[in-house]
Amino acid sequence: MYFDVNGTRTYASTGGRAHEQGKPWILFVHGAGSSHLSWVLQTRALAYDGWNVLAPDMPGHNLTGGAALSDVASMTQWVLAAMDSVGCDKAVVCGHSMGGLIALEMARTHPERVRALVLVATAAAIPVNNALISMAETAEFKAFQSMNSWGYGADAHMHDNTWPGSSHINFGIDMMRLNAGGTLATDLKACASYAGGAEAAAQVKCPVLCIFAGQDKMTPLKSGKALADTLPARELVIVANSGHSIPTERPREVNAAMRGFLQKVEQA
Amino acid sequence: MALFHDLETLALHAGHVPDAEHGSRAVPIHQTTSYVFRDARHAAALYNMEEGGHLYSRISNPTVAVLEQRIAAMEGGAACVATASGMAALHCVATMLASAGDHIVSTAQLYGANINLLKNTLPRFGVETSFVHGRDHAGIKAAIRPNTKFLFCEMIGNPGLDVLDVEAIVKIAQEAGIPVVMDATFCTPFLFKPLEHGVNVVIHSVTKWMGGHGTTIGGAIVDGGNFDWGRLDAGGKNRWPTLTSAHYALDGIVFWEEFGPIALTQRIRAEAMYNFGPSLAPLSAFLLLQGIETLPLRMERHMRNTVDLLAFLQGHEAVSWVRHPSLPDHPDHDVAKRLLPKGAGSVIAFGVKGGRKAGAAFIENVQVASHLANVGDAKTLVIHPASTTHSHISAEDMKTGGLSDDMIRLSVGLENIEDLKADFDRALKIAARAAGAV
């Protein structure tokens, strides 16, 4: 669906189902250089499960206009504004990588809008190598290739895929190409400069599901576990044979974990 | 350390990781029409394209999916759909991008069946094609209309062996905002990767060098994932409404919004495979995979034998002319040198002194080479296109395609080169005597 957020024409996937009043909301926040496409194997599944799904492309990403936002705080404000635009008061917030930082910030600054958190392949802090930022600024396509090489596990490098006929890595590179030029560099700098993760995590009161990957080179498992250890009410699922891009690499494991968690959230 | 596995590794492994239960190292043949659903919700999820998996082998199959993922990986594409033949691949792409009232621009130097599909079949359904010589760049540019949906071409024209200056063609298409669809059958990703040069969709007859053993008919469509299907036409309307407006099924899914870089292949999966049904058989996929495993090795030998046979034919007194893009007198020699540094394919065209009669005598008297209608086999093949593969196209189209009555098309195989030379020498001498030409 297309809608307006702070004057920017914005696209969000609804998972192929129109929103309906009375249904619970689930919000998907994508990672650096990514878009709603990184959640395609969750959005449709949960929409058909009966959730109102909102998976926006943030400014400068894929089908949403404007320029990429420069820090996690402004990204958080923008996501909250997107929720306002579609009439979503409160949602389960799922964040992948940089989206996990935004989800943590949402829980810290607006706990009343966050029903529960699903943190996927993320950490309290995501330091980014300066060489990668520089590459994203000066040779963007090479940075896409590097990110997608490091962002996938061993099986994805062999193009093993649950989605018949598709290549994780090549899809990932092409997904990044759909963003406005310079978006990846801006996102990476936003990740690198965000220092509020530990403080935000300490303030989280809602239930949290952490899904981390055993072969993650972008947000290594130990940093994910360190985050999980600071969260009071959390479940931890480790997908051993996945790289950083767990939502597409291991959608069955991710969706099974999410469905179990969401059922408990619904019953609470 | 390289970021990604290289072609040789992908040819052996891509698309398949041994399963946890059996650990089968070779790709298993899933010879089944259908798949048991875990429950009603699972069945619905597969029909709704909520999750990956297989529901009916006309749509997808685990063995076929390995082949698709292997080809996508080798070409650097976002996704691939395998089809029952190369012709089915072109048909699927054309019908998923163009509808009645739409238009295609194509280079004229094409395989005969490609010409017939575009020239004679699609017009009956309201899709018109303008053919322009691949070297006539101004003509190609001028032929593009507001309703042109794609530019079609072959990298190495069959059988005229024209080599396309693909970078010039891509530039024209990019300026016009339309995608380039290329049949790269004669190259395989060993010789040329079209997506790295800006092509948007690659088609293969995998029957040929990819499979490489003359056992199996098959095709492939590789989605480059590098075209913006969301572009609007001059009137502000969606230029590719099959990808950017609501589908008739799946709750009105918009493939471009939902799947982005793989919108085209998902539309093909959801409509062409459902409604036309040009699916590849699992056993065929298995056989093609066996061939692909050795593609890099075979291509090296194909190219080495081609170089040797070219020298042999050029020096033979019974041969009137030899055509191959690696020869300096070929009009596309410079283009081939620039774009195809590992070789310009293993098909050679040549004329036997004495014309049609001598040509017929030659192909009837080879013993190691086989007289048949195929290319890209491990075995050496010969044919007389004017009386066979291209017999259904007009004299004018023959001329445009670079064909002549005396032309022999030779697909160079992997045999010992001395055996091939001896076989050809003997058959050429018989041909010369038959024609009284030497």
# chains A, B, ... in the order shown; residues from 1 in each chain; ligands from 1
call {"tool": "interface_residues", "arguments": {"of": "chain A", "to": "chain B", "cutoff": "7 Å", "atoms": "only C-alpha atoms", "output": "ChimeraX atom specification"}}
result
/A:16,37,41,44-45,146,149,155,157-160,162-167,170-171,174-175
call {"tool": "select_by_dssp", "arguments": {"residues": "range 85-260 of chain A", "states": "strand (DSSP E or B)", "output": "list of chain:residue names"}}
result
A:Ala91, A:Val92, A:Val93, A:Cys94, A:Gly95, A:His96, A:Val114, A:Arg115, A:Ala116, A:Leu117, A:Val118, A:Leu119, A:Val120, A:Ser166, A:Val208, A:Leu209, A:Cys210, A:Ile211, A:Phe212, A:Ala213, A:Arg234, A:Glu235, A:Leu236, A:Val237, A:Ile238, A:Val239
call {"tool": "select_by_dssp", "arguments": {"residues": "range 207-245 of chain A", "states": "alpha helix (DSSP H)", "output": "mmCIF file with C-alpha atoms, in the first residue's frame"}}
result
data_model
loop_
_atom_site.group_PDB
_atom_site.id
_atom_site.type_symbol
_atom_site.label_atom_id
_atom_site.label_comp_id
_atom_site.auth_asym_id
_atom_site.auth_seq_id
_atom_site.Cartn_x
_atom_site.Cartn_y
_atom_site.Cartn_z
ATOM 1 C CA LEU A 221 26.098 -14.334 17.763
ATOM 2 C CA LYS A 222 28.066 -13.358 20.863
ATOM 3 C CA SER A 223 26.956 -9.730 20.563
ATOM 4 C CA GLY A 224 23.364 -10.876 20.065
ATOM 5 C CA LYS A 225 23.585 -13.090 23.121
ATOM 6 C CA ALA A 226 25.032 -10.208 25.116
ATOM 7 C CA LEU A 227 21.973 -8.148 24.176
ATOM 8 C CA ALA A 228 19.638 -11.010 25.059
ATOM 9 C CA ASP A 229 21.246 -11.308 28.485
ATOM 10 C CA THR A 230 20.214 -7.733 29.289
#
call {"tool": "atom_distance", "arguments": {"atom1": "CA of Leu132 in chain A", "atom2": "CA of Thr219 in chain A"}}
result
14.5 Å
call {"tool": "atom_distance", "arguments": {"atom1": "CA of Ala55 in chain A", "atom2": "CA of Ala268 in chain A"}}
result
24.2 Å
call {"tool": "residues_around", "arguments": {"residues": "range 70-80 of chain A", "least_positions_apart": "2", "cutoff": "10 Å", "atoms": "only C-alpha atoms", "output": "PyMOL selection string"}}
result
chain A and resi 5-6+27-29+55-59+67-68+82-85+88-90+98-99+101-107+109-110+113+183+185-196
call {"tool": "write_last_selection", "arguments": {"atoms": "C-alpha atoms", "output": "PDB file, in the first residue's frame"}}
result
ATOM      1  CA  VAL A   5       4.334   9.856   5.978  1.00  0.00           C
ATOM      2  CA  ASN A   6       5.451  13.384   6.819  1.00  0.00           C
ATOM      3  CA  LEU A  27       5.325  -4.083  12.213  1.00  0.00           C
ATOM      4  CA  PHE A  28       8.449  -5.156  10.325  1.00  0.00           C
ATOM      5  CA  VAL A  29      11.449  -2.819  10.299  1.00  0.00           C
ATOM      6  CA  ALA A  55       6.381  -3.566   6.490  1.00  0.00           C
ATOM      7  CA  PRO A  56       7.372  -0.098   5.280  1.00  0.00           C
ATOM      8  CA  ASP A  57      10.250   0.861   3.047  1.00  0.00           C
ATOM      9  CA  MET A  58      11.931   3.658   4.969  1.00  0.00           C
ATOM     10  CA  PRO A  59      12.735   6.901   3.103  1.00  0.00           C
ATOM     11  CA  ALA A  67      16.336  10.507   1.217  1.00  0.00           C
ATOM     12  CA  ALA A  68      17.562   8.026   3.805  1.00  0.00           C
ATOM     13  CA  ALA A  82       4.138   5.595   9.607  1.00  0.00           C
ATOM     14  CA  MET A  83       2.144   3.738  12.265  1.00  0.00           C
ATOM     15  CA  ASP A  84       0.100   6.895  12.860  1.00  0.00           C
ATOM     16  CA  SER A  85      -0.591   7.258   9.142  1.00  0.00           C
ATOM     17  CA  CYS A  88      -1.858   1.612  14.085  1.00  0.00           C
ATOM     18  CA  ASP A  89      -1.663   2.509  17.779  1.00  0.00           C
ATOM     19  CA  LYS A  90       0.317  -0.435  19.022  1.00  0.00           C
ATOM     20  CA  MET A  98      19.496  -1.920  12.019  1.00  0.00           C
ATOM     21  CA  GLY A  99      15.752  -2.431  12.330  1.00  0.00           C
ATOM     22  CA  LEU A 101      18.085  -0.854  16.909  1.00  0.00           C
ATOM     23  CA  ILE A 102      14.985   1.056  15.802  1.00  0.00           C
ATOM     24  CA  ALA A 103      12.758  -1.486  17.554  1.00  0.00           C
ATOM     25  CA  LEU A 104      14.757  -1.068  20.781  1.00  0.00           C
ATOM     26  CA  GLU A 105      14.479   2.724  20.501  1.00  0.00           C
ATOM     27  CA  MET A 106      10.730   2.452  19.947  1.00  0.00           C
ATOM     28  CA  ALA A 107      10.429   0.348  23.083  1.00  0.00           C
ATOM     29  CA  THR A 109      10.847   6.071  23.825  1.00  0.00           C
ATOM     30  CA  HIS A 110       7.301   4.871  23.195  1.00  0.00           C
ATOM     31  CA  ARG A 113       3.206   1.665  21.155  1.00  0.00           C
ATOM     32  CA  THR A 183      21.235   5.016   1.061  1.00  0.00           C
ATOM     33  CA  ALA A 185      26.249   4.560   3.377  1.00  0.00           C
ATOM     34  CA  THR A 186      23.745   6.680   5.315  1.00  0.00           C
ATOM     35  CA  ASP A 187      22.277   3.584   6.978  1.00  0.00           C
ATOM     36  CA  LEU A 188      25.694   2.221   7.920  1.00  0.00           C
ATOM     37  CA  LYS A 189      26.709   5.524   9.473  1.00  0.00           C
ATOM     38  CA  ALA A 190      23.444   5.572  11.426  1.00  0.00           C
ATOM     39  CA  CYS A 191      24.222   2.091  12.780  1.00  0.00           C
ATOM     40  CA  ALA A 192      27.786   3.019  13.652  1.00  0.00           C
ATOM     41  CA  SER A 193      26.803   6.158  15.518  1.00  0.00           C
ATOM     42  CA  TYR A 194      23.998   4.646  17.587  1.00  0.00           C
ATOM     43  CA  ALA A 195      25.109   4.181  21.182  1.00  0.00           C
ATOM     44  CA  GLY A 196      21.811   3.873  22.998  1.00  0.00           C
TER      45      GLY A 196
END
call {"tool": "residues_around", "arguments": {"residues": "Ala213 in chain A", "least_positions_apart": "2", "cutoff": "12 Å", "atoms": "only C-alpha atoms", "output": "ChimeraX atom specification"}}
result
/A:96-97,119-123,151-154,210-211,215-225,236-247,249-250,253-254
call {"tool": "write_last_selection", "arguments": {"atoms": "C-alpha atoms", "output": "short mmCIF file (atom, residue, chain, number, x, y, z; two decimals), in the first residue's frame"}}
result
data_model
loop_
_atom_site.label_atom_id
_atom_site.label_comp_id
_atom_site.auth_asym_id
_atom_site.auth_seq_id
_atom_site.Cartn_x
_atom_site.Cartn_y
_atom_site.Cartn_z
CA HIS A 96 16.20 -6.99 11.64
CA SER A 97 19.75 -5.73 12.17
CA LEU A 119 14.75 -8.90 17.46
CA VAL A 120 16.30 -10.70 14.52
CA ALA A 121 20.06 -10.82 13.92
CA THR A 122 20.83 -7.66 15.82
CA ALA A 123 22.77 -6.41 18.84
CA GLY A 151 25.41 -11.27 5.09
CA TYR A 152 24.72 -14.89 4.20
CA GLY A 153 25.74 -18.24 5.61
CA ALA A 154 27.44 -21.18 3.93
CA CYS A 210 15.44 -12.91 19.98
CA ILE A 211 16.30 -14.86 16.83
CA GLN A 215 27.02 -17.92 11.14
CA ASP A 216 26.30 -14.20 11.48
CA LYS A 217 29.29 -12.09 10.43
CA MET A 218 27.47 -8.74 10.60
CA THR A 219 26.08 -8.94 14.12
CA PRO A 220 27.98 -11.90 15.56
CA LEU A 221 26.10 -14.33 17.76
CA LYS A 222 28.07 -13.36 20.86
CA SER A 223 26.96 -9.73 20.56
CA GLY A 224 23.36 -10.88 20.07
CA LYS A 225 23.59 -13.09 23.12
CA LEU A 236 16.18 -16.83 22.58
CA VAL A 237 16.20 -18.90 19.40
CA ILE A 238 19.54 -19.58 17.74
CA VAL A 239 19.46 -20.70 14.12
CA ALA A 240 22.85 -22.36 13.90
CA ASN A 241 23.09 -22.84 10.13
CA SER A 242 22.20 -19.32 9.04
CA GLY A 243 24.02 -16.13 8.31
CA HIS A 244 22.84 -12.61 9.10
CA SER A 245 19.89 -12.69 6.68
CA ILE A 246 17.85 -15.18 8.72
CA PRO A 247 14.38 -14.04 7.57
CA GLU A 249 17.78 -17.79 4.71
CA ARG A 250 15.81 -19.77 7.28
CA GLU A 253 12.69 -21.59 11.57
CA VAL A 254 11.99 -17.86 11.89
#
call {"tool": "residues_around", "arguments": {"residues": "Leu63 in chain A", "least_positions_apart": "5", "cutoff": "9 Å", "atoms": "only C-alpha atoms", "output": "list in words"}}
result
Tyr2, Arg9, Thr10, Tyr11, Ala12, Ser35, Asp57, Met58, Leu178 and Asn179 of chain A; Glu257 of chain B
call {"tool": "residues_around", "arguments": {"residues": "Leu420 in chain B", "least_positions_apart": "2", "cutoff": "12 Å", "atoms": "only C-alpha atoms", "output": "PyMOL selection string"}}
result
chain B and resi 305-306+308-310+312-313+366-370+379-382+410-418+422-428
call {"tool": "write_last_selection", "arguments": {"atoms": "N, CA and C atoms", "output": "mmCIF file, in the first residue's frame"}}
result
data_model
loop_
_atom_site.group_PDB
_atom_site.id
_atom_site.type_symbol
_atom_site.label_atom_id
_atom_site.label_comp_id
_atom_site.auth_asym_id
_atom_site.auth_seq_id
_atom_site.Cartn_x
_atom_site.Cartn_y
_atom_site.Cartn_z
ATOM 1 N N ASN B 305 39.182 -27.334 -29.482
ATOM 2 C CA ASN B 305 38.927 -28.063 -30.727
ATOM 3 C C ASN B 305 38.440 -27.133 -31.836
ATOM 4 N N THR B 306 37.679 -26.094 -31.442
ATOM 5 C CA THR B 306 37.175 -25.133 -32.440
ATOM 6 C C THR B 306 38.345 -24.408 -33.105
ATOM 7 N N ASP B 308 41.385 -25.427 -33.435
ATOM 8 C CA ASP B 308 42.129 -26.357 -34.292
ATOM 9 C C ASP B 308 41.368 -26.670 -35.581
ATOM 10 N N LEU B 309 40.051 -26.860 -35.463
ATOM 11 C CA LEU B 309 39.277 -27.191 -36.663
ATOM 12 C C LEU B 309 39.168 -26.006 -37.618
ATOM 13 N N LEU B 310 39.121 -24.804 -37.045
ATOM 14 C CA LEU B 310 39.093 -23.617 -37.910
ATOM 15 C C LEU B 310 40.347 -23.578 -38.781
ATOM 16 N N PHE B 312 42.218 -26.075 -39.619
ATOM 17 C CA PHE B 312 42.159 -27.191 -40.559
ATOM 18 C C PHE B 312 41.255 -26.862 -41.754
ATOM 19 N N LEU B 313 40.055 -26.348 -41.467
ATOM 20 C CA LEU B 313 39.101 -26.062 -42.549
ATOM 21 C C LEU B 313 39.610 -24.956 -43.466
ATOM 22 N N VAL B 366 30.381 -38.039 -43.320
ATOM 23 C CA VAL B 366 31.168 -38.000 -42.081
ATOM 24 C C VAL B 366 30.829 -39.239 -41.255
ATOM 25 N N GLN B 367 31.805 -39.723 -40.506
ATOM 26 C CA GLN B 367 31.576 -40.936 -39.708
ATOM 27 C C GLN B 367 31.701 -40.680 -38.208
ATOM 28 N N VAL B 368 32.643 -39.844 -37.835
ATOM 29 C CA VAL B 368 32.748 -39.503 -36.410
ATOM 30 C C VAL B 368 31.700 -38.441 -36.071
ATOM 31 N N ALA B 369 31.598 -37.435 -36.893
ATOM 32 C CA ALA B 369 30.572 -36.403 -36.696
ATOM 33 C C ALA B 369 29.204 -36.989 -37.037
ATOM 34 N N SER B 370 28.175 -36.398 -36.425
ATOM 35 C CA SER B 370 26.812 -36.889 -36.643
ATOM 36 C C SER B 370 25.990 -35.844 -37.386
ATOM 37 N N LYS B 379 29.371 -34.455 -28.598
ATOM 38 C CA LYS B 379 29.783 -35.053 -29.873
ATOM 39 C C LYS B 379 29.733 -34.003 -30.977
ATOM 40 N N THR B 380 30.553 -34.160 -31.974
ATOM 41 C CA THR B 380 30.566 -33.211 -33.088
ATOM 42 C C THR B 380 29.357 -33.464 -33.993
ATOM 43 N N LEU B 381 28.713 -32.355 -34.384
ATOM 44 C CA LEU B 381 27.465 -32.440 -35.142
ATOM 45 C C LEU B 381 27.586 -31.591 -36.408
ATOM 46 N N VAL B 382 26.954 -32.054 -37.472
ATOM 47 C CA VAL B 382 26.898 -31.252 -38.696
ATOM 48 C C VAL B 382 25.475 -31.248 -39.235
ATOM 49 N N LEU B 410 28.536 -26.509 -38.292
ATOM 50 C CA LEU B 410 29.311 -27.509 -37.574
ATOM 51 C C LEU B 410 29.365 -27.143 -36.099
ATOM 52 N N SER B 411 28.918 -28.050 -35.258
ATOM 53 C CA SER B 411 29.016 -27.856 -33.814
ATOM 54 C C SER B 411 30.158 -28.739 -33.321
ATOM 55 N N VAL B 412 31.221 -28.087 -32.890
ATOM 56 C CA VAL B 412 32.447 -28.820 -32.597
ATOM 57 C C VAL B 412 32.336 -29.522 -31.240
ATOM 58 N N GLY B 413 32.612 -30.807 -31.244
ATOM 59 C CA GLY B 413 32.510 -31.612 -30.021
ATOM 60 C C GLY B 413 33.844 -31.792 -29.325
ATOM 61 N N LEU B 414 33.896 -32.816 -28.515
ATOM 62 C CA LEU B 414 35.039 -33.010 -27.616
ATOM 63 C C LEU B 414 35.949 -34.152 -28.050
ATOM 64 N N GLU B 415 35.726 -34.714 -29.245
ATOM 65 C CA GLU B 415 36.527 -35.854 -29.677
ATOM 66 C C GLU B 415 38.004 -35.466 -29.815
ATOM 67 N N ASN B 416 38.841 -36.482 -29.966
ATOM 68 C CA ASN B 416 40.247 -36.232 -30.267
ATOM 69 C C ASN B 416 40.330 -35.441 -31.576
ATOM 70 N N ILE B 417 41.077 -34.374 -31.566
ATOM 71 C CA ILE B 417 41.085 -33.461 -32.715
ATOM 72 C C ILE B 417 41.620 -34.131 -33.978
ATOM 73 N N GLU B 418 42.575 -35.047 -33.826
ATOM 74 C CA GLU B 418 43.120 -35.717 -35.016
ATOM 75 C C GLU B 418 42.065 -36.622 -35.641
ATOM 76 N N ALA B 422 40.679 -36.153 -39.467
ATOM 77 C CA ALA B 422 40.716 -37.271 -40.414
ATOM 78 C C ALA B 422 39.326 -37.535 -40.985
ATOM 79 N N ASP B 423 38.322 -37.464 -40.117
ATOM 80 C CA ASP B 423 36.940 -37.700 -40.555
ATOM 81 C C ASP B 423 36.515 -36.642 -41.573
ATOM 82 N N PHE B 424 36.828 -35.376 -41.256
ATOM 83 C CA PHE B 424 36.429 -34.291 -42.145
ATOM 84 C C PHE B 424 37.204 -34.350 -43.467
ATOM 85 N N ASP B 425 38.469 -34.677 -43.378
ATOM 86 C CA ASP B 425 39.289 -34.741 -44.591
ATOM 87 C C ASP B 425 38.723 -35.779 -45.559
ATOM 88 N N ARG B 426 38.370 -36.933 -45.006
ATOM 89 C CA ARG B 426 37.843 -38.007 -45.842
ATOM 90 C C ARG B 426 36.508 -37.588 -46.465
ATOM 91 N N ALA B 427 35.597 -37.027 -45.631
ATOM 92 C CA ALA B 427 34.273 -36.640 -46.135
ATOM 93 C C ALA B 427 34.378 -35.493 -47.140
ATOM 94 N N LEU B 428 35.301 -34.570 -46.917
ATOM 95 C CA LEU B 428 35.459 -33.449 -47.851
ATOM 96 C C LEU B 428 35.974 -33.938 -49.208
#
call {"tool": "closest_residue", "arguments": {"among": "A:Pro24, A:Gly50, A:Pro127, A:Gly31", "to": "Gly87 in chain A", "atoms": "only C-alpha atoms"}}
result
A:Pro24
call {"tool": "residues_around", "arguments": {"residues": "Met303 in chain B", "least_positions_apart": "4", "cutoff": "12 Å", "atoms": "only C-alpha atoms", "output": "PDB file with N, CA and C atoms, in the first residue's frame"}}
result
ATOM      1  N   PHE B 186      24.334 -19.940 -27.095  1.00  0.00           N
ATOM      2  CA  PHE B 186      25.598 -20.277 -27.739  1.00  0.00           C
ATOM      3  C   PHE B 186      26.823 -19.919 -26.884  1.00  0.00           C
ATOM      4  N   CYS B 187      26.596 -19.133 -25.826  1.00  0.00           N
ATOM      5  CA  CYS B 187      27.741 -18.688 -25.012  1.00  0.00           C
ATOM      6  C   CYS B 187      27.893 -19.526 -23.755  1.00  0.00           C
ATOM      7  N   PHE B 190      30.017 -19.658 -19.173  1.00  0.00           N
ATOM      8  CA  PHE B 190      31.469 -19.847 -19.247  1.00  0.00           C
ATOM      9  C   PHE B 190      32.106 -18.813 -20.175  1.00  0.00           C
ATOM     10  N   LEU B 191      31.441 -18.528 -21.289  1.00  0.00           N
ATOM     11  CA  LEU B 191      32.010 -17.589 -22.259  1.00  0.00           C
ATOM     12  C   LEU B 191      31.558 -16.153 -22.023  1.00  0.00           C
ATOM     13  N   TRP B 209      24.773 -26.550 -24.931  1.00  0.00           N
ATOM     14  CA  TRP B 209      26.044 -26.707 -24.202  1.00  0.00           C
ATOM     15  C   TRP B 209      25.847 -26.894 -22.692  1.00  0.00           C
ATOM     16  N   LEU B 295      30.438 -28.361 -17.222  1.00  0.00           N
ATOM     17  CA  LEU B 295      30.397 -27.301 -18.247  1.00  0.00           C
ATOM     18  C   LEU B 295      31.739 -26.588 -18.410  1.00  0.00           C
ATOM     19  N   PRO B 296      32.369 -26.108 -17.324  1.00  0.00           N
ATOM     20  CA  PRO B 296      33.629 -25.377 -17.537  1.00  0.00           C
ATOM     21  C   PRO B 296      34.700 -26.226 -18.225  1.00  0.00           C
ATOM     22  N   LEU B 297      34.794 -27.500 -17.842  1.00  0.00           N
ATOM     23  CA  LEU B 297      35.788 -28.374 -18.483  1.00  0.00           C
ATOM     24  C   LEU B 297      35.452 -28.602 -19.947  1.00  0.00           C
ATOM     25  N   ARG B 298      34.168 -28.860 -20.199  1.00  0.00           N
ATOM     26  CA  ARG B 298      33.777 -29.131 -21.588  1.00  0.00           C
ATOM     27  C   ARG B 298      33.987 -27.909 -22.470  1.00  0.00           C
ATOM     28  N   MET B 299      33.641 -26.738 -21.936  1.00  0.00           N
ATOM     29  CA  MET B 299      33.757 -25.532 -22.754  1.00  0.00           C
ATOM     30  C   MET B 299      35.215 -25.254 -23.134  1.00  0.00           C
ATOM     31  N   VAL B 307      39.275 -23.967 -32.290  1.00  0.00           N
ATOM     32  CA  VAL B 307      40.443 -23.257 -32.838  1.00  0.00           C
ATOM     33  C   VAL B 307      41.186 -24.168 -33.822  1.00  0.00           C
ATOM     34  N   ASP B 308      41.385 -25.427 -33.435  1.00  0.00           N
ATOM     35  CA  ASP B 308      42.129 -26.357 -34.292  1.00  0.00           C
ATOM     36  C   ASP B 308      41.368 -26.670 -35.581  1.00  0.00           C
ATOM     37  N   LEU B 309      40.051 -26.860 -35.463  1.00  0.00           N
ATOM     38  CA  LEU B 309      39.277 -27.191 -36.663  1.00  0.00           C
ATOM     39  C   LEU B 309      39.168 -26.006 -37.618  1.00  0.00           C
ATOM     40  N   LEU B 310      39.121 -24.804 -37.045  1.00  0.00           N
ATOM     41  CA  LEU B 310      39.093 -23.617 -37.910  1.00  0.00           C
ATOM     42  C   LEU B 310      40.347 -23.578 -38.781  1.00  0.00           C
ATOM     43  N   HIS B 324      33.622 -17.769 -38.735  1.00  0.00           N
ATOM     44  CA  HIS B 324      33.592 -17.856 -37.266  1.00  0.00           C
ATOM     45  C   HIS B 324      34.031 -16.501 -36.733  1.00  0.00           C
ATOM     46  N   SER B 326      35.918 -15.599 -34.516  1.00  0.00           N
ATOM     47  CA  SER B 326      37.323 -15.440 -34.127  1.00  0.00           C
ATOM     48  C   SER B 326      38.221 -15.192 -35.332  1.00  0.00           C
ATOM     49  N   LEU B 340      34.106 -11.536 -25.984  1.00  0.00           N
ATOM     50  CA  LEU B 340      34.190 -12.989 -25.801  1.00  0.00           C
ATOM     51  C   LEU B 340      35.657 -13.443 -25.788  1.00  0.00           C
ATOM     52  N   PRO B 341      36.414 -12.975 -24.806  1.00  0.00           N
ATOM     53  CA  PRO B 341      37.845 -13.296 -24.817  1.00  0.00           C
ATOM     54  C   PRO B 341      38.155 -14.784 -24.642  1.00  0.00           C
ATOM     55  N   LYS B 342      37.230 -15.552 -24.070  1.00  0.00           N
ATOM     56  CA  LYS B 342      37.489 -16.985 -23.896  1.00  0.00           C
ATOM     57  C   LYS B 342      37.063 -17.792 -25.116  1.00  0.00           C
ATOM     58  N   GLY B 343      36.552 -17.100 -26.133  1.00  0.00           N
ATOM     59  CA  GLY B 343      36.144 -17.797 -27.343  1.00  0.00           C
ATOM     60  C   GLY B 343      34.746 -17.384 -27.759  1.00  0.00           C
ATOM     61  N   ALA B 344      34.511 -17.453 -29.058  1.00  0.00           N
ATOM     62  CA  ALA B 344      33.234 -16.994 -29.612  1.00  0.00           C
ATOM     63  C   ALA B 344      32.346 -18.177 -29.964  1.00  0.00           C
ATOM     64  N   GLY B 345      32.367 -19.188 -29.129  1.00  0.00           N
ATOM     65  CA  GLY B 345      31.476 -20.323 -29.328  1.00  0.00           C
ATOM     66  C   GLY B 345      32.096 -21.394 -30.191  1.00  0.00           C
ATOM     67  N   SER B 346      31.464 -22.564 -30.150  1.00  0.00           N
ATOM     68  CA  SER B 346      32.040 -23.715 -30.853  1.00  0.00           C
ATOM     69  C   SER B 346      31.207 -24.132 -32.057  1.00  0.00           C
ATOM     70  N   VAL B 347      30.522 -23.176 -32.646  1.00  0.00           N
ATOM     71  CA  VAL B 347      29.835 -23.440 -33.904  1.00  0.00           C
ATOM     72  C   VAL B 347      30.607 -22.748 -35.021  1.00  0.00           C
ATOM     73  N   ILE B 348      30.834 -23.491 -36.068  1.00  0.00           N
ATOM     74  CA  ILE B 348      31.541 -22.969 -37.244  1.00  0.00           C
ATOM     75  C   ILE B 348      30.604 -23.111 -38.434  1.00  0.00           C
ATOM     76  N   GLY B 376      25.830 -28.026 -29.609  1.00  0.00           N
ATOM     77  CA  GLY B 376      26.237 -28.013 -28.209  1.00  0.00           C
ATOM     78  C   GLY B 376      26.328 -29.371 -27.564  1.00  0.00           C
ATOM     79  N   ALA B 378      28.321 -32.938 -26.671  1.00  0.00           N
ATOM     80  CA  ALA B 378      29.716 -33.337 -26.480  1.00  0.00           C
ATOM     81  C   ALA B 378      30.280 -33.931 -27.765  1.00  0.00           C
ATOM     82  N   SER B 411      28.918 -28.050 -35.258  1.00  0.00           N
ATOM     83  CA  SER B 411      29.016 -27.856 -33.814  1.00  0.00           C
ATOM     84  C   SER B 411      30.158 -28.739 -33.321  1.00  0.00           C
ATOM     85  N   VAL B 412      31.221 -28.087 -32.890  1.00  0.00           N
ATOM     86  CA  VAL B 412      32.447 -28.820 -32.597  1.00  0.00           C
ATOM     87  C   VAL B 412      32.336 -29.522 -31.240  1.00  0.00           C
ATOM     88  N   GLY B 413      32.612 -30.807 -31.244  1.00  0.00           N
ATOM     89  CA  GLY B 413      32.510 -31.612 -30.021  1.00  0.00           C
ATOM     90  C   GLY B 413      33.844 -31.792 -29.325  1.00  0.00           C
ATOM     91  N   LEU B 414      33.896 -32.816 -28.515  1.00  0.00           N
ATOM     92  CA  LEU B 414      35.039 -33.010 -27.616  1.00  0.00           C
ATOM     93  C   LEU B 414      35.949 -34.152 -28.050  1.00  0.00           C
ATOM     94  N   ILE B 417      41.077 -34.374 -31.566  1.00  0.00           N
ATOM     95  CA  ILE B 417      41.085 -33.461 -32.715  1.00  0.00           C
ATOM     96  C   ILE B 417      41.620 -34.131 -33.978  1.00  0.00           C
TER      97      ILE B 417
END
call {"tool": "atom_distance", "arguments": {"atom1": "CA of Phe152 in chain B", "atom2": "CA of Ser106 in chain B"}}
result
4.5 Å
call {"tool": "decode", "arguments": {"residues": "range 222-229 of chain A", "atoms": "C-alpha atoms", "output": "short mmCIF file (atom, residue, chain, number, x, y, z; two decimals), in the first residue's frame"}}
result
data_model
loop_
_atom_site.label_atom_id
_atom_site.label_comp_id
_atom_site.auth_asym_id
_atom_site.auth_seq_id
_atom_site.Cartn_x
_atom_site.Cartn_y
_atom_site.Cartn_z
CA LYS A 222 28.07 -13.36 20.86
CA SER A 223 26.96 -9.73 20.56
CA GLY A 224 23.36 -10.88 20.07
CA LYS A 225 23.59 -13.09 23.12
CA ALA A 226 25.03 -10.21 25.12
CA LEU A 227 21.97 -8.15 24.18
CA ALA A 228 19.64 -11.01 25.06
CA ASP A 229 21.25 -11.31 28.49
#
